[in-house]
Every structure is written in C-alpha cells, then in structure tokens.
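Source file: work_2.cif (mmCIF, C-alpha atoms and all ligand atoms)
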```
data_run
loop_
_atom_site.label_atom_id
_atom_site.label_comp_id
_atom_site.auth_asym_id
_atom_site.auth_seq_id
_atom_site.Cartn_x
_atom_site.Cartn_y
_atom_site.Cartn_z
CA MET N 1 118.86 89.17 124.11
CA VAL N 2 115.78 88.13 122.20
CA ASP N 3 113.91 90.95 120.52
CA ASP N 4 110.31 89.87 120.46
CA SER N 5 108.88 93.21 119.39
CA ARG N 6 105.16 93.53 119.50
CA PRO N 7 104.43 96.70 117.62
CA LEU N 8 100.62 96.40 117.46
CA CYS N 9 97.99 97.02 120.16
CA ARG N 10 96.75 93.73 121.66
CA HIS N 11 93.18 95.03 121.63
CA CYS N 12 92.59 97.20 118.58
CA GLY N 13 95.60 96.38 116.41
CA ALA N 14 96.77 99.98 115.96
CA PRO N 15 100.55 100.52 115.87
CA LEU N 16 102.05 101.27 119.31
CA THR N 17 103.86 104.55 118.83
CA LEU N 18 103.90 106.11 122.31
CA SER N 19 106.31 104.85 124.99
CA LEU N 20 105.33 105.14 128.65
CA VAL N 21 108.63 103.90 130.08
CA ASP N 22 111.53 101.67 129.07
CA LEU N 23 112.92 99.59 131.97
CA GLY N 24 115.72 98.02 129.96
CA VAL N 25 116.33 94.27 129.85
CA SER N 26 115.17 92.10 132.73
CA ALA N 27 114.84 88.48 133.85
CA VAL N 28 111.28 87.15 134.04
CA SER N 29 109.91 88.12 137.46
CA ASN N 30 108.74 84.72 138.66
CA SER N 31 111.75 82.71 137.43
CA TYR N 32 113.40 82.18 140.82
CA VAL N 33 116.86 80.67 140.35
CA PRO N 34 117.63 77.36 142.14
CA LEU N 35 120.93 77.56 144.05
CA ASP N 36 122.56 74.91 141.85
CA LYS N 37 121.75 76.95 138.72
CA ALA N 38 123.34 80.17 139.99
CA ALA N 39 126.07 80.09 137.36
CA ALA N 40 123.78 79.17 134.43
CA PRO N 41 122.93 81.87 131.89
CA GLU N 42 119.62 83.52 132.70
CA PRO N 43 117.26 84.51 129.87
CA LYS N 44 116.51 88.23 129.88
CA PHE N 45 113.94 90.13 127.88
CA PRO N 46 113.13 93.77 127.15
CA LEU N 47 110.73 95.28 129.68
CA SER N 48 108.80 98.37 128.66
CA ALA N 49 105.28 99.78 128.61
CA ALA N 50 103.64 101.46 125.63
CA VAL N 51 100.40 103.37 125.11
CA CYS N 52 97.93 102.74 122.30
CA GLU N 53 96.89 106.15 121.03
CA THR N 54 93.73 104.69 119.48
CA CYS N 55 92.08 102.77 122.38
CA TRP N 56 94.41 104.03 125.19
CA LEU N 57 95.24 100.53 126.40
CA VAL N 58 98.61 100.67 128.14
CA GLN N 59 100.47 97.42 127.62
CA LEU N 60 103.85 95.69 127.55
CA GLY N 61 105.98 96.93 124.69
CA HIS N 62 107.39 93.41 124.17
CA ASP N 63 105.86 90.03 124.92
CA VAL N 64 108.02 87.26 126.36
CA PRO N 65 107.36 83.92 124.65
CA ALA N 66 104.84 82.07 126.83
CA ASP N 67 107.14 79.07 127.38
CA GLU N 68 109.69 81.37 129.04
CA ILE N 69 107.24 82.31 131.79
CA PHE N 70 107.53 79.75 134.57
CA THR N 71 104.93 80.13 137.25
CA GLY N 72 103.89 76.59 138.18
CA ASP N 73 106.75 75.80 140.53
CA TYR N 74 106.42 78.99 142.52
CA ALA N 75 102.66 79.29 142.58
CA TYR N 76 101.31 82.17 144.62
CA PHE N 77 98.76 81.20 147.28
CA SER N 78 96.36 84.09 147.92
CA SER N 79 95.89 82.90 151.50
CA PHE N 80 99.47 83.98 152.35
CA SER N 81 98.21 87.56 152.65
CA GLU N 82 95.99 88.27 155.64
CA SER N 83 94.85 91.66 154.36
CA TRP N 84 93.83 90.12 151.02
CA LEU N 85 91.73 87.49 152.83
CA ALA N 86 89.89 90.19 154.77
CA HIS N 87 89.37 92.22 151.58
CA SER N 88 87.89 89.20 149.79
CA ARG N 89 85.61 88.26 152.65
CA ALA N 90 84.17 91.77 152.82
CA PHE N 91 83.50 91.66 149.07
CA ALA N 92 81.69 88.30 149.30
CA ILE N 93 79.46 89.51 152.15
CA ASP N 94 78.69 92.69 150.21
CA MET N 95 77.80 90.84 147.00
CA ILE N 96 75.58 88.31 148.79
CA ALA N 97 73.53 91.23 150.18
CA ARG N 98 73.60 93.38 147.04
CA LEU N 99 72.53 90.62 144.62
CA GLY N 100 70.42 88.69 147.14
CA LEU N 101 72.43 85.50 146.59
CA GLY N 102 71.31 82.26 148.24
CA PRO N 103 71.30 78.46 147.80
CA GLN N 104 69.47 78.89 144.45
CA SER N 105 72.26 81.11 143.08
CA PHE N 106 75.53 80.22 141.40
CA VAL N 107 78.87 82.02 141.59
CA ILE N 108 81.94 81.51 139.39
CA GLU N 109 85.37 82.95 140.07
CA ILE N 110 87.95 83.10 137.29
CA ALA N 111 91.49 82.58 138.60
CA SER N 112 90.07 81.35 141.89
CA ASN N 113 93.50 80.46 143.29
CA ASP N 114 93.29 78.48 146.56
CA GLY N 115 89.59 79.22 147.08
CA TYR N 116 90.31 82.26 149.29
CA LEU N 117 87.21 84.10 147.96
CA LEU N 118 84.72 81.37 147.04
CA LYS N 119 84.95 79.71 150.46
CA ASN N 120 83.00 82.70 151.80
CA PHE N 121 80.09 81.87 149.47
CA VAL N 122 80.34 78.14 150.28
CA GLU N 123 79.99 79.00 153.99
CA LYS N 124 76.61 80.59 153.18
CA GLY N 125 75.43 77.55 151.23
CA ILE N 126 75.81 79.20 147.81
CA PRO N 127 76.98 76.87 145.00
CA VAL N 128 80.27 77.93 143.41
CA LEU N 129 82.77 76.92 140.77
CA GLY N 130 86.38 78.03 140.68
CA ILE N 131 88.41 78.15 137.47
CA GLU N 132 92.14 78.08 138.05
CA PRO N 133 94.97 77.08 135.71
CA SER N 134 97.48 76.17 138.45
CA GLY N 135 96.99 72.60 139.68
CA SER N 136 98.76 73.06 143.02
CA VAL N 137 96.60 75.95 144.21
CA ALA N 138 93.43 74.37 142.75
CA ALA N 139 94.12 71.26 144.87
CA ALA N 140 94.28 73.46 147.97
CA ALA N 141 90.88 74.94 147.02
CA GLU N 142 89.29 71.49 146.60
CA LYS N 143 90.55 70.57 150.06
CA ILE N 144 88.53 73.35 151.66
CA GLY N 145 85.38 72.48 149.72
CA VAL N 146 85.65 74.78 146.70
CA PRO N 147 84.98 72.82 143.47
CA THR N 148 87.63 73.91 140.97
CA ARG N 149 88.35 73.25 137.29
CA VAL N 150 92.02 73.34 136.39
CA GLU N 151 91.85 75.29 133.12
CA PHE N 152 92.64 78.62 131.51
CA PHE N 153 89.57 80.78 131.00
CA GLY N 154 88.67 82.09 127.55
CA LYS N 155 85.97 81.89 124.94
CA THR N 156 86.42 78.13 124.39
CA LEU N 157 85.94 77.20 128.06
CA ALA N 158 83.04 79.67 128.41
CA ARG N 159 81.22 77.90 125.55
CA GLU N 160 81.80 74.54 127.24
CA LEU N 161 80.44 75.78 130.55
CA ARG N 162 77.42 77.24 128.83
CA ALA N 163 76.82 73.99 126.93
CA GLU N 164 76.86 72.22 130.31
CA GLY N 165 73.98 74.46 131.34
CA LEU N 166 75.90 76.58 133.82
CA ALA N 167 74.34 80.03 134.18
CA PRO N 168 76.07 82.01 136.96
CA ASP N 169 74.38 84.96 138.69
CA LEU N 170 77.79 86.38 139.52
CA VAL N 171 81.15 85.94 137.80
CA CYS N 172 84.05 87.52 139.65
CA SER N 173 87.75 87.92 139.03
CA ALA N 174 90.48 89.87 140.77
CA ASN N 175 93.91 90.59 139.36
CA VAL N 176 93.66 88.40 136.29
CA LEU N 177 92.42 90.70 133.50
CA ALA N 178 95.76 92.50 133.39
CA HIS N 179 97.64 89.18 133.34
CA VAL N 180 96.02 87.57 130.30
CA PRO N 181 97.89 88.01 127.02
CA LYS N 182 94.71 87.62 124.96
CA ILE N 183 92.52 90.13 126.78
CA ASP N 184 89.85 90.07 124.07
CA ASP N 185 89.46 86.27 124.22
CA PHE N 186 89.05 86.55 128.00
CA VAL N 187 86.40 89.30 127.82
CA ALA N 188 84.60 87.47 125.00
CA GLY N 189 84.44 84.44 127.33
CA VAL N 190 82.88 86.55 130.08
CA ALA N 191 80.26 87.88 127.66
CA GLU N 192 79.56 84.30 126.53
CA ILE N 193 78.83 83.04 130.03
CA LEU N 194 76.60 85.92 131.22
CA THR N 195 72.83 85.69 130.78
CA GLY N 196 70.00 88.08 131.72
CA ASP N 197 70.98 90.42 134.57
CA ALA N 198 74.00 88.37 135.67
CA VAL N 199 76.89 90.50 136.97
CA TYR N 200 80.59 90.38 136.21
CA THR N 201 82.99 92.01 138.67
CA VAL N 202 86.65 92.54 137.95
CA GLU N 203 89.41 94.14 140.02
CA PHE N 204 92.63 95.49 138.61
CA PRO N 205 95.32 97.98 139.67
CA HIS N 206 94.20 101.39 138.39
CA LEU N 207 96.48 102.91 135.75
CA LEU N 208 95.67 106.38 137.11
CA ARG N 209 97.20 105.44 140.50
CA MET N 210 100.21 103.81 138.81
CA ILE N 211 100.95 107.00 136.89
CA GLU N 212 100.28 109.44 139.71
CA GLU N 213 102.21 107.45 142.30
CA VAL N 214 105.06 106.28 140.02
CA GLN N 215 104.25 102.60 140.63
CA PHE N 216 106.49 101.50 137.77
CA ASP N 217 107.42 98.32 139.65
CA THR N 218 103.97 96.93 138.82
CA ILE N 219 105.35 96.58 135.28
CA TYR N 220 106.67 93.05 134.73
CA HIS N 221 106.57 90.47 131.96
CA GLU N 222 103.53 88.55 133.24
CA HIS N 223 101.52 91.77 133.54
CA TYR N 224 100.42 92.42 129.96
CA SER N 225 97.96 95.33 130.40
CA TYR N 226 97.82 98.42 132.67
CA LEU N 227 94.17 99.31 132.80
CA SER N 228 92.16 102.50 132.96
CA LEU N 229 88.37 102.56 133.07
CA LEU N 230 88.62 104.32 129.71
CA ALA N 231 90.32 101.35 128.01
CA VAL N 232 88.26 98.75 129.88
CA GLU N 233 84.98 100.32 128.76
CA LYS N 234 86.14 100.25 125.13
CA ILE N 235 87.23 96.59 125.34
CA PHE N 236 84.04 95.54 127.14
CA ALA N 237 81.85 97.40 124.64
CA ALA N 238 83.54 95.55 121.78
CA HIS N 239 82.16 92.32 123.32
CA GLY N 240 78.66 93.54 124.18
CA LEU N 241 79.31 94.38 127.83
CA ARG N 242 78.76 97.67 129.64
CA VAL N 243 80.07 99.00 132.95
CA PHE N 244 77.32 100.03 135.39
CA ASP N 245 79.26 100.65 138.59
CA VAL N 246 82.81 101.07 139.81
CA GLU N 247 84.42 101.15 143.24
CA GLU N 248 87.80 102.68 144.04
CA LEU N 249 89.81 100.36 146.31
CA THR N 250 93.05 100.79 148.21
CA THR N 251 94.38 97.33 147.30
CA HIS N 252 97.58 97.02 145.22
CA GLY N 253 98.29 100.72 145.64
CA GLY N 254 94.88 101.70 144.27
CA SER N 255 92.59 99.43 142.28
CA LEU N 256 89.25 99.63 140.54
CA ARG N 257 86.47 97.11 141.02
CA VAL N 258 84.33 97.34 137.93
CA PHE N 259 80.78 95.95 137.74
CA ALA N 260 79.67 94.99 134.25
CA CYS N 261 76.67 93.31 132.63
CA LEU N 262 75.34 92.53 129.18
CA ALA N 263 74.58 95.71 127.24
CA GLY N 264 70.84 95.02 127.42
CA ALA N 265 70.67 94.06 131.12
CA GLY N 266 68.56 96.08 133.56
CA HIS N 267 71.27 97.55 135.82
CA ARG N 268 71.17 101.32 135.99
CA GLU N 269 74.50 103.15 135.79
CA GLY N 270 75.72 104.42 139.17
CA ALA N 271 77.18 107.90 139.76
CA ARG N 272 80.60 106.48 140.61
CA VAL N 273 81.19 105.56 136.95
CA ALA N 274 80.96 109.19 135.84
CA LYS N 275 83.27 110.21 138.71
CA VAL N 276 86.10 107.86 137.65
CA ARG N 277 85.60 108.79 133.99
CA ALA N 278 85.97 112.46 134.98
CA ASP N 279 89.11 111.76 137.07
CA GLU N 280 90.74 109.99 134.14
CA ALA N 281 89.75 112.78 131.74
CA ALA N 282 91.20 115.36 134.16
CA ALA N 283 94.46 113.37 134.17
CA ARG N 284 94.30 113.44 130.34
CA LEU N 285 94.49 109.66 129.96
CA ASP N 286 92.80 110.12 126.59
CA ARG N 287 95.68 112.24 125.30
CA PRO N 288 99.45 111.71 124.97
CA GLU N 289 100.06 114.47 127.57
CA GLY N 290 98.63 112.21 130.29
CA TYR N 291 101.57 109.84 129.83
CA ALA N 292 104.38 112.39 129.47
CA GLY N 293 107.03 112.72 132.17
CA PHE N 294 106.46 109.29 133.73
CA ALA N 295 109.85 107.95 132.64
CA GLU N 296 111.68 110.88 134.31
CA ARG N 297 109.78 110.31 137.57
CA VAL N 298 110.79 106.62 137.45
CA GLU N 299 114.45 107.63 137.16
CA ALA N 300 114.05 109.84 140.24
CA VAL N 301 112.73 106.85 142.27
CA ARG N 302 115.73 104.79 141.17
CA ASP N 303 118.20 107.55 142.11
CA GLY N 304 116.59 108.02 145.52
CA LEU N 305 116.74 104.31 146.37
CA LEU N 306 120.35 103.94 145.21
CA ARG N 307 121.40 106.99 147.24
CA PHE N 308 119.78 105.51 150.36
CA LEU N 309 121.35 102.05 149.90
CA ARG N 310 124.84 103.39 149.18
CA GLN N 311 124.73 105.63 152.22
CA ALA N 312 123.57 102.73 154.41
CA ARG N 313 126.46 100.62 153.13
CA ALA N 314 128.94 103.45 153.74
CA GLU N 315 127.71 103.68 157.33
CA GLY N 316 128.05 99.92 157.85
CA LYS N 317 124.29 99.40 158.17
CA THR N 318 122.63 96.16 157.06
CA VAL N 319 119.72 96.26 154.61
CA VAL N 320 117.61 93.20 153.79
CA ALA N 321 114.47 92.94 151.69
CA TYR N 322 111.04 91.55 152.58
CA GLY N 323 108.78 89.85 150.01
CA ALA N 324 110.09 88.10 146.90
CA ALA N 325 107.26 89.56 144.83
CA ALA N 326 107.22 90.31 141.11
CA LYS N 327 107.18 94.06 141.71
CA GLY N 328 110.30 93.78 143.86
CA ASN N 329 112.17 92.09 141.05
CA THR N 330 111.29 94.89 138.65
CA LEU N 331 112.53 97.47 141.15
CA LEU N 332 115.79 95.66 141.98
CA ASN N 333 116.65 94.80 138.39
CA TYR N 334 115.83 98.22 136.96
CA CYS N 335 117.95 99.88 139.68
CA GLY N 336 120.79 97.36 139.24
CA ILE N 337 120.71 96.33 142.91
CA GLY N 338 122.46 93.09 143.95
CA PRO N 339 123.60 91.34 147.14
CA ASP N 340 126.27 94.04 147.66
CA LEU N 341 123.51 96.53 148.56
CA VAL N 342 120.72 94.22 149.84
CA SER N 343 122.21 91.19 151.65
CA PHE N 344 119.22 88.87 151.32
CA CYS N 345 115.45 88.75 150.93
CA VAL N 346 112.90 86.89 153.08
CA ASP N 347 109.57 85.45 151.96
CA ARG N 348 106.80 83.42 153.62
CA ASN N 349 106.34 81.16 150.58
CA PRO N 350 108.45 78.00 151.15
CA ALA N 351 108.67 77.45 147.36
CA LYS N 352 110.67 80.66 146.99
CA GLN N 353 113.02 80.03 149.93
CA ASN N 354 116.55 78.80 149.20
CA THR N 355 116.48 80.29 145.70
CA LEU N 356 117.97 83.45 144.19
CA LEU N 357 115.84 86.35 142.99
CA PRO N 358 115.77 86.44 139.18
CA GLY N 359 118.29 88.89 137.73
CA SER N 360 119.61 90.40 140.95
CA HIS N 361 120.59 86.97 142.40
CA ILE N 362 119.83 88.15 145.92
CA PRO N 363 119.35 84.99 148.09
CA VAL N 364 115.84 84.26 149.43
CA HIS N 365 115.41 82.88 152.96
CA ALA N 366 112.59 82.13 155.39
CA VAL N 367 111.31 85.09 157.42
CA GLU N 368 112.85 83.58 160.58
CA LYS N 369 116.30 84.44 159.21
CA LEU N 370 115.58 88.06 160.17
CA ARG N 371 115.68 87.04 163.81
CA ASP N 372 119.16 85.48 163.68
CA ARG N 373 120.62 88.96 163.62
CA ALA N 374 118.20 91.87 163.34
CA PRO N 375 118.99 94.09 160.33
CA ASP N 376 119.16 97.88 160.56
CA PHE N 377 116.71 98.28 157.68
CA VAL N 378 114.06 96.09 156.05
CA LEU N 379 113.21 97.24 152.52
CA ILE N 380 109.58 96.19 151.98
CA LEU N 381 109.31 95.31 148.28
CA PRO N 382 105.50 94.80 148.16
CA TRP N 383 104.88 98.33 149.48
CA ASN N 384 101.14 97.74 149.23
CA LEU N 385 101.46 95.33 152.20
CA LYS N 386 103.60 97.70 154.29
CA ALA N 387 101.26 97.98 157.29
CA GLU N 388 100.75 94.21 157.41
CA VAL N 389 104.50 93.48 157.19
CA ILE N 390 105.38 95.97 159.93
CA ARG N 391 102.72 94.38 162.15
CA GLN N 392 104.17 90.91 161.54
CA LEU N 393 107.66 92.14 162.41
CA ALA N 394 106.71 94.26 165.43
CA ASP N 395 109.36 92.52 167.56
CA LEU N 396 112.12 93.68 165.20
CA ARG N 397 110.74 97.19 165.21
CA ASP N 398 110.88 97.21 169.00
CA GLY N 399 114.52 96.13 168.72
CA GLY N 400 115.39 99.12 166.52
CA THR N 401 114.93 97.82 162.95
CA ARG N 402 113.54 100.47 160.58
CA PHE N 403 111.25 99.81 157.61
CA VAL N 404 111.80 101.33 154.18
CA THR N 405 109.70 101.66 151.02
CA ALA N 406 111.02 103.09 147.75
CA VAL N 407 107.86 104.00 145.79
CA PRO N 408 106.86 106.78 145.11
CA SER N 409 109.92 108.00 147.06
CA ILE N 410 112.16 106.74 149.85
CA THR N 411 110.23 106.55 153.11
CA VAL N 412 111.74 105.27 156.38
CA THR N 413 109.23 104.29 159.06
CA ALA N 414 110.68 104.79 162.52
ZN ZN N 501 94.54 99.90 120.93
#
```
Could you render the structure as structure tokens?
Amino acid sequence: MVDDSRPLCRHCGAPLTLSLVDLGVSAVSNSYVPLDKAAAPEPKFPLSAAVCETCWLVQLGHDVPADEIFTGDYAYFSSFSESWLAHSRAFAIDMIARLGLGPQSFVIEIASNDGYLLKNFVEKGIPVLGIEPSGSVAAAAEKIGVPTRVEFFGKTLARELRAEGLAPDLVCSANVLAHVPKIDDFVAGVAEILTGDAVYTVEFPHLLRMIEEVQFDTIYHEHYSYLSLLAVEKIFAAHGLRVFDVEELTTHGGSLRVFACLAGAGHREGARVAKVRADEAAARLDRPEGYAGFAERVEAVRDGLLRFLRQARAEGKTVVAYGAAAKGNTLLNYCGIGPDLVSFCVDRNPAKQNTLLPGSHIPVHAVEKLRDRAPDFVLILPWNLKAEVIRQLADLRDGGTRFVTAVPSITVTA
C-alpha cells in the first residue's frame, strides 16, 4: 500500500481535519484488468473523502499518483448513454434560445468527449470548438463535424486560445470540474477565456444529494472534488467569477448546472441561486454537523447489499451486474463483493468486455451474455441509469428477471 497522504485542502490550503467517510483501500476504478494479467499484483490506494472546514470543499483524502490512473484504453464515450444524449440536446436548444446564439456566435466545450453536445450547435450553424484530452473520443467527434483540440484545459491553454483571438459567447462543461486535480488552475483558465457578458456553464453531481441519498459510490480516485454551491462560489470568486443562476437537475442522482460570468458582467442574479444556498445552509453544509453520520449510513448500505446477495446465493438464485462504471467498482470493492456473489458483469463498451473489474475481479462480458441464460437478478451498478437499463432489458423482465439497486438502500423492481 502506498500512503500518498494529502493533508491540505486543494483549494485554500487549510489542513484537512474532518473525515466524511473512509472506504478503505481500493484499486483505481478505471483500471480494468486484462484476462492475462489476472494473477498480477494490482496496485491499491486509500480511498476516502475529507471536508475542508475553511472553504467547505469536500475532496479525496488521498491523491493517487497521476501515472497510476489509466483512462486512455477504456475511454468512455458519452454517446453510449441515450438519456445523456437527450439531456445534452435539450440543454443546447435551451442555451441557443436563452443567449440568442447564431452563426456569429462561438461555443466552446471543455471535455467535449465524442462531440455529443457540440453537434447540436453545429446542426444550427453555430461555430464550436471542443477541448478533449482523450485522442480516441476526440477522433470520434471530428468524424461527426465537431472541431476538437486534444489537450487538457487549464490556465496555459486558455491563454493560448485567447492569444489566438478566440472569444467564446458560451463555454460549457459537464462532469469535469470534479475530476480535475488542480481545480483552481481549471477555474482560472475559464476566467481567462471569458470576456464581456460571456457565460460559463458547469454541471456537477450535487454534494447535497450525495449526502442525503448516501451516494458514497460516487467517491472514486479519479473524482477529486465533491461540490456544493457553497464551495463552488468561493472557488469562482477567488478567480473573479460570480454565479448568477443555477438549475437543479436529476442527472447523476442529482446535479447542479451553475451559470457563471465575470464579476463585472451584466447578468442579474436569479432567484434559484438563493434557493440552493438556503437548501445547503439548512443542511448545515457550512458546519461540521452537516457531514456527521454519513459514514454510518454508508455502512448500512453495505450491510443491506451483502444481506441480499448472501440470501440470493443461499436460495440458488443467480445475480449478475450491469454497467462496469466507476461507481460500481467503489460499491463492489468497499463491500468486498467478488464473483462468488455476483457471477459476472455486462457492459456496452467493447473496450471493457473480456476484462476483469478492478479489485473485485468480476468478469466483464457483452450485454448479449445475459440472454444465454437469463439471471434471476440484475444488479444495476449505475443506479442513475436504472430506468434506461430496465427499458433496454425489457425482454428479460418479461421472462422473470428482477432488477436491483443498492443505493440508498436495496430496491428490487418487479
Ligand atoms: Zn479549503
């Protein structure tokens, strides 16, 4: 075990003294194990979340060295999720109307993946630029007509783009702010690239939902920060940005979409900002009490899932998992679940098939494997996609297969 303690807050530098939850020692979530490496030792690292009592940024208690995080080979393509595509399309249509975007405008997306969002602007004749560090997904974006730069975003790249004369009217990003180790460099880059009344939108899973609904499986090594509006407003303010609107979304178990601009821009603050601030204050996210008791509720989720799986095994029932997602690996590894309790996992991403899940070593197969012999139960690991998964597997449901989710407590859908 490597102890790579990170005792200081990644934003404000204060010592991290308050633990949210300790999930033990775990393999890195996206390090799927090739079958011929099954016997090789697997690096494992401490996995925990801590709270900064100065700026209230919730963050990983330990950072894994960057070279231990392998994501390139198993790149996630946003277009694999139908509900995410619909969500993104609705956002694009809304922003085009709200900001009056047209052929004279310019839109940048940071972490633009396979162009799933920007293609909606391209269809309306609006110039775009995607920024995406993964070459394989960026190539897919280029193929559908979304110009993409294969780079990490931060202050350095923002200065380059600005020097090239790029002045976007809208900069958007979804599910990247929480995944950047240097959150301040990222936000400084956003501030650098905004001019006038340009708008920055950012979506992230809402810490308030994570705490209230015991979504501890969203904690994994590549997910550095767990964000509240409270912490985001402090970090943005440190870089000359202010939040002027916020939407509460149902994606990822409950997310926020924050609208920000330069401190001196003309956007008036909407009433929804005060509402979310008040919700977070009511949940005492600005005091240690708001974080107390989470660890005990996590243990209760683990106990409930193990009880269900052991009973299923005792009754001779088969349980398989759906979705080799990062959050599933946190759940399985924290609970100590292996192939003895969950026979195999299926996933639509061909890059993950014919591998073993990190840590638990549960084999990953194509979804079609479910139809060889229908299981009694399918444990849906990405519970946020439950409705979509059940729809995709309607034929199994008709044949008697039941669907199970573990968070915030065991639920079996008949
Ligand atoms: Zn801090």
(request) Pick out the residues sitting within 7 Å of range 213-227 of chain N, and hand them over as a count of residues only; count all atoms listed in the file, and ignore anything fewer than 4 positions along from it in its own chain. (result) 26
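Using only C-alpha atoms and all ligand atoms, the nearest neighbour of ligand ZN 501 (chain N) within the list N:Ser173, N:Ser88, N:Asn349, N:Thr17 is N:Thr17.
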(message) Report, in Å with one decimal, the straight-line distance from CA of Pro339 in chain N to CA of Arg391 in chain N.
(response) 25.9 Å
Exercise answer, 9 Å around ligand ZN 501 (chain N) with only C-alpha atoms and all ligand atoms, as a compact mmCIF listing (two decimals) with C-alpha atoms, keeping the file's coordinate frame:
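Output file pocket.txt follows:
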```
# COMPACT_ATOMS: atom_id res chain seq x y z
CA LEU N 8 100.62 96.40 117.46
CA CYS N 9 97.99 97.02 120.16
CA ARG N 10 96.75 93.73 121.66
CA HIS N 11 93.18 95.03 121.63
CA CYS N 12 92.59 97.20 118.58
CA GLY N 13 95.60 96.38 116.41
CA ALA N 14 96.77 99.98 115.96
CA PRO N 15 100.55 100.52 115.87
CA LEU N 16 102.05 101.27 119.31
CA VAL N 51 100.40 103.37 125.11
CA CYS N 52 97.93 102.74 122.30
CA GLU N 53 96.89 106.15 121.03
CA THR N 54 93.73 104.69 119.48
CA CYS N 55 92.08 102.77 122.38
CA TRP N 56 94.41 104.03 125.19
CA LEU N 57 95.24 100.53 126.40
CA VAL N 58 98.61 100.67 128.14
CA ALA N 231 90.32 101.35 128.01
```
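For the pair CA of Leu20 in chain N and CA of Gly323 in chain N, the interatomic distance is 26.5 Å.
Picture a line from CA of Leu229 in chain N to CA of Asn113 in chain N; it runs 24.9 Å.
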Report as a PDB file with C-alpha atoms, in the frame of the given file all protein, DNA and RNA residues lying within 7 Å of range 256-259 of chain N, evaluated on all atoms listed in the file, omitting residues in the same chain fewer than 6 positions from it.
```pdb
ATOM      1  CA  VAL N 199      76.890  90.500 136.970  1.00  0.00           C
ATOM      2  CA  TYR N 200      80.590  90.380 136.210  1.00  0.00           C
ATOM      3  CA  THR N 201      82.990  92.010 138.670  1.00  0.00           C
ATOM      4  CA  VAL N 202      86.650  92.540 137.950  1.00  0.00           C
ATOM      5  CA  GLU N 203      89.410  94.140 140.020  1.00  0.00           C
ATOM      6  CA  PHE N 204      92.630  95.490 138.610  1.00  0.00           C
ATOM      7  CA  PRO N 205      95.320  97.980 139.670  1.00  0.00           C
ATOM      8  CA  HIS N 206      94.200 101.390 138.390  1.00  0.00           C
ATOM      9  CA  VAL N 243      80.070  99.000 132.950  1.00  0.00           C
ATOM     10  CA  PHE N 244      77.320 100.030 135.390  1.00  0.00           C
ATOM     11  CA  ASP N 245      79.260 100.650 138.590  1.00  0.00           C
ATOM     12  CA  VAL N 246      82.810 101.070 139.810  1.00  0.00           C
ATOM     13  CA  GLU N 247      84.420 101.150 143.240  1.00  0.00           C
ATOM     14  CA  GLU N 248      87.800 102.680 144.040  1.00  0.00           C
ATOM     15  CA  LEU N 249      89.810 100.360 146.310  1.00  0.00           C
TER      16      LEU N 249
END
```
(message) Quick one: residues within 9 Å of Leu194 in chain N, all atoms listed in the file, excluding same-chain residues fewer than 2 positions away - as an MDAnalysis selection string?
(response) chainID N and resid 167:171 189:192 196:200 261:262
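The smallest atom-to-atom distance between Ala300 in chain N and any of N:Ala406, N:Leu161, N:Leu117, N:Lys143, using all atoms listed in the file, is found for N:Ala406.
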Compile the contact shell of Ile93 in chain N as an mmCIF file with C-alpha atoms, in the frame of the given file: residues with an atom at most 10 Å away, counting only C-alpha atoms, same-chain residues fewer than 6 positions apart removed.
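Wrote it out as result32.cif, contents follow:
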```cif
data_model
loop_
_atom_site.group_PDB
_atom_site.id
_atom_site.type_symbol
_atom_site.label_atom_id
_atom_site.label_comp_id
_atom_site.auth_asym_id
_atom_site.auth_seq_id
_atom_site.Cartn_x
_atom_site.Cartn_y
_atom_site.Cartn_z
ATOM 1 C CA LEU N 101 72.430 85.500 146.590
ATOM 2 C CA ASN N 120 83.000 82.700 151.800
ATOM 3 C CA PHE N 121 80.090 81.870 149.470
ATOM 4 C CA LYS N 124 76.610 80.590 153.180
#
```
Using only the atoms of range 383-397 of chain N listed in the file, plus 8 Å on each side, state the axis-aligned box centre and edge lengths in Å rounded to one decimal, as lines of an AutoDock Vina configuration file.
```
center_x = 106.4
center_y = 94.6
center_z = 158.4
size_x = 27.4
size_y = 23.4
size_z = 34.3
```
(message) Considering only C-alpha atoms, can you say which of N:Glu123, N:Asp303, N:Asp63, N:Glu388 comes closest to Phe80 in chain N?
(response) N:Glu388
(request) Considering all atoms listed in the file, state which residue in the set N:Lys182, N:Arg149, N:Arg159, N:Arg89 is at the smallest distance from Leu118 in chain N. (result) N:Arg89
